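Structure first, then comments.
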Amino acid sequence: MTAALDAQGLYGGPGGLIAGLDLHLAPGERVALIGPNGSGKSTLLRLLARQLAPRGGTVCLEGRDLAQLGRREAARSLGILPQAPALPEGVTVRELVTRGRFPHRGLLSGGGVSDKDLVEQALRDTGITHLAEREVHGLSGGERQRAWIAMALVQEPRVLLLDEPTTYLDLAHAHEALGLLQRLATERGMTLLMVLHDLSQASRFATRVIALRAGQVVAQGPPAEVITPPFLREVYGLEARVLPDPETGTLLIIPRS
């Protein structure tokens, strides 16, 4: 089976933080990138999305060398939601979400019926229909984050990279956002690669976790097999118990005093 996204010998980032990294994402996988601050998670996403030029290695999107694809062509299949997107002035939520259709229809053409339907669906899915005519810069942090997620969804990428998608969201909205991404990934066969700091969230919503430390993959596999007391001790310097929730299977991490 052709990988949805495949990186071989990837090298780049500040000071060569990512050095010789290999990554393979299968179609439909929901993968959480975990690891301590400064381990290279955000840098890796930017290298994979060509927001940073790699100094070596290759990245293939569905079997095609990403370096050989035009940016618009790549954007039809690969989307990224950065950690702190630039906030446009005077742009409404509806206008922001509509921008996600640009790779499919061009910046100067009007939106078709299908574009408008997709925008309305994304607004409903993210619970921000009532905010559609509000200017983005006037929203709360959580509302803005949901608007950015909606914009990423209408792009209809087959691979979506998300850098801390629950940033600024309260507990309920974070759960809803990850549940929405989980459902859409299942329904559309979309591949997700998400940077998540909350390991309990990662264990609940990811089919696989990849742990980075100092720009290198140090562990990967199903969450319950990776997130263990020895792993937490070695990678995070944290002494903790790890218990599965009896109802959901979500891992509960209890630091030792």
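A note on labels: chains of the structure tokens are A, B, ... as shown, every chain counts residues from 1, and ligands are counted from 1 in their shown order.
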Counting only C-alpha atoms, which residues in segment 2-99 of chain A sit no more than 6 Å from segment 196-220 of chain A? For each one, give the nearest pair of atoms and the distance in Å, sorted by chain then residue number, as JSON lines.
```
{"residue": "A:Leu17", "atom": "CA", "partner": "A:Gly215", "partner_atom": "CA", "distance": 5.2}
{"residue": "A:Ile18", "atom": "CA", "partner": "A:Gly215", "partner_atom": "CA", "distance": 4.5}
{"residue": "A:Arg30", "atom": "CA", "partner": "A:Ala206", "partner_atom": "CA", "distance": 4.9}
{"residue": "A:Val31", "atom": "CA", "partner": "A:Arg208", "partner_atom": "CA", "distance": 4.9}
{"residue": "A:Ala32", "atom": "CA", "partner": "A:Val209", "partner_atom": "CA", "distance": 4.7}
{"residue": "A:Leu33", "atom": "CA", "partner": "A:Ile210", "partner_atom": "CA", "distance": 5.0}
{"residue": "A:Ile34", "atom": "CA", "partner": "A:Ala211", "partner_atom": "CA", "distance": 4.8}
{"residue": "A:Gly35", "atom": "CA", "partner": "A:Leu212", "partner_atom": "CA", "distance": 5.1}
{"residue": "A:Ser39", "atom": "CA", "partner": "A:Ala214", "partner_atom": "CA", "distance": 4.5}
{"residue": "A:Gly40", "atom": "CA", "partner": "A:Gly215", "partner_atom": "CA", "distance": 4.9}
```
With a distance cut-off of 6 Å and only C-alpha atoms, select the neighbouring residues of segment 8-14 of chain A, excluding the residue or stretch itself and same-chain residues fewer than 3 positions from it, and output the selection as a CSV table (one decimal) with N, CA and C atoms, in the first residue's frame.
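Contents of around_5.csv, as written:
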```csv
chain,number,residue,atom,x,y,z
A,17,LEU,N,18.1,20.4,13.7
A,17,LEU,CA,17.4,19.7,14.7
A,17,LEU,C,16.9,18.4,14.3
A,18,ILE,N,16.3,18.3,13.1
A,18,ILE,CA,15.8,17.1,12.5
A,18,ILE,C,16.9,16.5,11.7
A,19,ALA,N,17.4,15.3,12.0
A,19,ALA,CA,18.6,14.8,11.3
A,19,ALA,C,18.4,13.3,11.0
A,20,GLY,N,18.2,13.1,9.7
A,20,GLY,CA,18.1,11.7,9.3
A,20,GLY,C,16.8,11.0,9.7
A,21,LEU,N,15.7,11.7,9.8
A,21,LEU,CA,14.4,11.2,10.3
A,21,LEU,C,13.6,10.5,9.2
A,22,ASP,N,13.1,9.3,9.6
A,22,ASP,CA,12.2,8.5,8.7
A,22,ASP,C,10.8,8.5,9.3
A,54,PRO,N,13.8,21.5,3.5
A,54,PRO,CA,14.7,20.5,4.1
A,54,PRO,C,16.1,20.7,3.5
A,55,ARG,N,17.1,20.4,4.3
A,55,ARG,CA,18.5,20.4,3.8
A,55,ARG,C,18.9,19.0,3.2
A,56,GLY,N,18.1,18.0,3.4
A,56,GLY,CA,18.3,16.7,2.9
A,56,GLY,C,17.1,15.8,3.1
A,57,GLY,N,17.1,14.7,2.3
A,57,GLY,CA,16.0,13.8,2.4
A,57,GLY,C,14.9,14.0,1.5
A,58,THR,N,13.9,13.2,1.5
A,58,THR,CA,12.8,13.3,0.6
A,58,THR,C,11.5,13.2,1.4
```
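Nearest residue to His104 of chain A, choosing from A:Asp125, A:Glu133, A:Glu29, A:Glu73 and counting only C-alpha atoms: A:Glu73.
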Excluding Thr126 of chain A and residues on its chain fewer than 5 positions from it, collect all residues at most 10 Å away from it, counting only C-alpha atoms, and give them as a VMD selection string. chain A and resid 121 143 145 to 150 153 173 176 to 177 180 to 181
Please produce a file of the residues just selected, as a PDB file, in the first residue's frame, where the atoms kept are C-alpha atoms.
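Here's the written file selection-v9.pdb:
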```
ATOM      1  CA  GLN A 121     -20.894  22.301   6.719  1.00  0.00           C
ATOM      2  CA  GLU A 143     -13.348  30.572  18.852  1.00  0.00           C
ATOM      3  CA  GLN A 145      -8.981  28.067  16.848  1.00  0.00           C
ATOM      4  CA  ARG A 146     -12.266  26.505  15.772  1.00  0.00           C
ATOM      5  CA  ALA A 147     -12.399  28.901  12.801  1.00  0.00           C
ATOM      6  CA  TRP A 148      -8.914  27.798  11.714  1.00  0.00           C
ATOM      7  CA  ILE A 149      -9.904  24.139  12.051  1.00  0.00           C
ATOM      8  CA  ALA A 150     -12.964  24.817   9.881  1.00  0.00           C
ATOM      9  CA  LEU A 153     -11.458  21.060   6.840  1.00  0.00           C
ATOM     10  CA  HIS A 173     -14.280  22.135  23.020  1.00  0.00           C
ATOM     11  CA  GLU A 176     -15.289  18.050  20.552  1.00  0.00           C
ATOM     12  CA  ALA A 177     -12.563  19.198  18.141  1.00  0.00           C
ATOM     13  CA  LEU A 180     -14.691  15.811  15.007  1.00  0.00           C
ATOM     14  CA  LEU A 181     -11.258  15.229  13.483  1.00  0.00           C
TER      15      LEU A 181
END
```
Polymer residues at most 7 Å from Met151 of chain A, only C-alpha atoms, same-chain spacing of 4 or more positions, as a PyMOL selection string: chain A and resi 96-100+147+155
I need the strand (DSSP E) residues of segment 13-164 of chain A per DSSP on the backbone, written as an mmCIF file with C-alpha atoms, in the first residue's frame.
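The file below, states12.cif, is the result:
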```
data_model
loop_
_atom_site.group_PDB
_atom_site.id
_atom_site.type_symbol
_atom_site.label_atom_id
_atom_site.label_comp_id
_atom_site.auth_asym_id
_atom_site.auth_seq_id
_atom_site.Cartn_x
_atom_site.Cartn_y
_atom_site.Cartn_z
ATOM 1 C CA ILE A 18 15.789 17.068 12.541
ATOM 2 C CA ALA A 19 18.593 14.813 11.311
ATOM 3 C CA GLY A 20 18.063 11.670 9.278
ATOM 4 C CA LEU A 21 14.449 11.156 10.342
ATOM 5 C CA ASP A 22 12.225 8.542 8.675
ATOM 6 C CA LEU A 23 8.438 8.725 8.907
ATOM 7 C CA HIS A 24 5.707 6.594 7.351
ATOM 8 C CA LEU A 25 1.990 7.394 7.592
ATOM 9 C CA ARG A 30 -4.516 9.206 13.165
ATOM 10 C CA VAL A 31 -1.025 9.777 14.522
ATOM 11 C CA ALA A 32 -0.088 11.926 17.508
ATOM 12 C CA LEU A 33 3.379 13.468 17.645
ATOM 13 C CA ILE A 34 4.417 13.620 21.284
ATOM 14 C CA GLY A 56 18.331 16.705 2.861
ATOM 15 C CA GLY A 57 16.031 13.753 2.444
ATOM 16 C CA THR A 58 12.764 13.300 0.587
ATOM 17 C CA VAL A 59 9.088 13.690 1.403
ATOM 18 C CA CYS A 60 6.572 11.809 -0.732
ATOM 19 C CA LEU A 61 2.853 12.532 -0.742
ATOM 20 C CA ARG A 64 4.848 11.528 -5.394
ATOM 21 C CA ASP A 65 7.907 13.566 -4.455
ATOM 22 C CA LEU A 78 -1.845 18.186 2.069
ATOM 23 C CA GLY A 79 -3.078 20.714 4.609
ATOM 24 C CA ILE A 80 -1.452 22.189 7.691
ATOM 25 C CA LEU A 81 -2.836 24.088 10.654
ATOM 26 C CA VAL A 159 -3.374 14.373 4.744
ATOM 27 C CA LEU A 160 -3.812 17.006 7.452
ATOM 28 C CA LEU A 161 -1.013 18.193 9.747
ATOM 29 C CA LEU A 162 -2.107 19.948 12.935
ATOM 30 C CA ASP A 163 0.206 21.674 15.400
#
```
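Every protein or nucleic acid residue with an atom no more than 8 Å from Thr2 of chain A, counting only C-alpha atoms and leaving out same-chain residues fewer than 5 positions away, appears here: Ala26, Glu62 and Gly63 of chain A.
Shortest atom-to-atom contact with Arg105 of chain A among A:Leu87, A:Ala152, A:Leu251, A:Ala75: A:Ala75, counting only C-alpha atoms.
Our summary of the geometry notes that atom CA of Glu164 of chain A is positioned 5.9 Å from atom CA of Gln83 of chain A.
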Which residues are close to Ser77 of chain A, i.e. within 8 Å by only C-alpha atoms, leaving aside same-chain residues fewer than 5 positions away? Reply as number ranges by chain. A: 156-159
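The spacing separating atom CA of Pro229 of chain A from atom CA of Val242 of chain A amounts to 6.4 Å.
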Residue list (alpha helix (DSSP H), DSSP) for segment 4-87 of chain A, as a PyMOL selection string: chain A and resi 41-48+71-75
Take the selection from the previous step and output its residues with N, CA and C atoms, as a CSV table (one decimal), in the first residue's frame.
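For reference, out29.csv as written:
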```csv
chain,number,residue,atom,x,y,z
A,41,LYS,N,8.9,18.7,17.2
A,41,LYS,CA,7.6,18.3,16.7
A,41,LYS,C,7.1,19.4,15.7
A,42,SER,N,7.1,20.6,16.1
A,42,SER,CA,6.6,21.7,15.2
A,42,SER,C,7.5,21.8,13.9
A,43,THR,N,8.8,21.7,14.2
A,43,THR,CA,9.8,21.8,13.1
A,43,THR,C,9.5,20.7,12.1
A,44,LEU,N,9.2,19.5,12.6
A,44,LEU,CA,9.0,18.3,11.7
A,44,LEU,C,7.7,18.6,10.8
A,45,LEU,N,6.7,19.1,11.4
A,45,LEU,CA,5.5,19.4,10.6
A,45,LEU,C,5.8,20.5,9.5
A,46,ARG,N,6.5,21.5,9.8
A,46,ARG,CA,6.9,22.5,8.9
A,46,ARG,C,7.7,22.0,7.7
A,47,LEU,N,8.6,21.0,8.1
A,47,LEU,CA,9.4,20.4,7.0
A,47,LEU,C,8.6,19.5,6.1
A,48,LEU,N,7.6,18.8,6.7
A,48,LEU,CA,6.8,17.9,5.9
A,48,LEU,C,5.9,18.7,5.0
A,71,ARG,N,2.9,24.2,-5.4
A,71,ARG,CA,2.3,24.4,-4.1
A,71,ARG,C,0.8,24.3,-4.1
A,72,ARG,N,0.1,24.7,-5.2
A,72,ARG,CA,-1.3,24.6,-5.2
A,72,ARG,C,-1.7,23.1,-5.4
A,73,GLU,N,-1.0,22.4,-6.2
A,73,GLU,CA,-1.3,21.0,-6.4
A,73,GLU,C,-1.1,20.2,-5.1
A,74,ALA,N,0.0,20.5,-4.4
A,74,ALA,CA,0.2,19.9,-3.1
A,74,ALA,C,-0.8,20.2,-2.1
A,75,ALA,N,-1.3,21.5,-2.1
A,75,ALA,CA,-2.3,21.9,-1.1
A,75,ALA,C,-3.6,21.3,-1.3
```
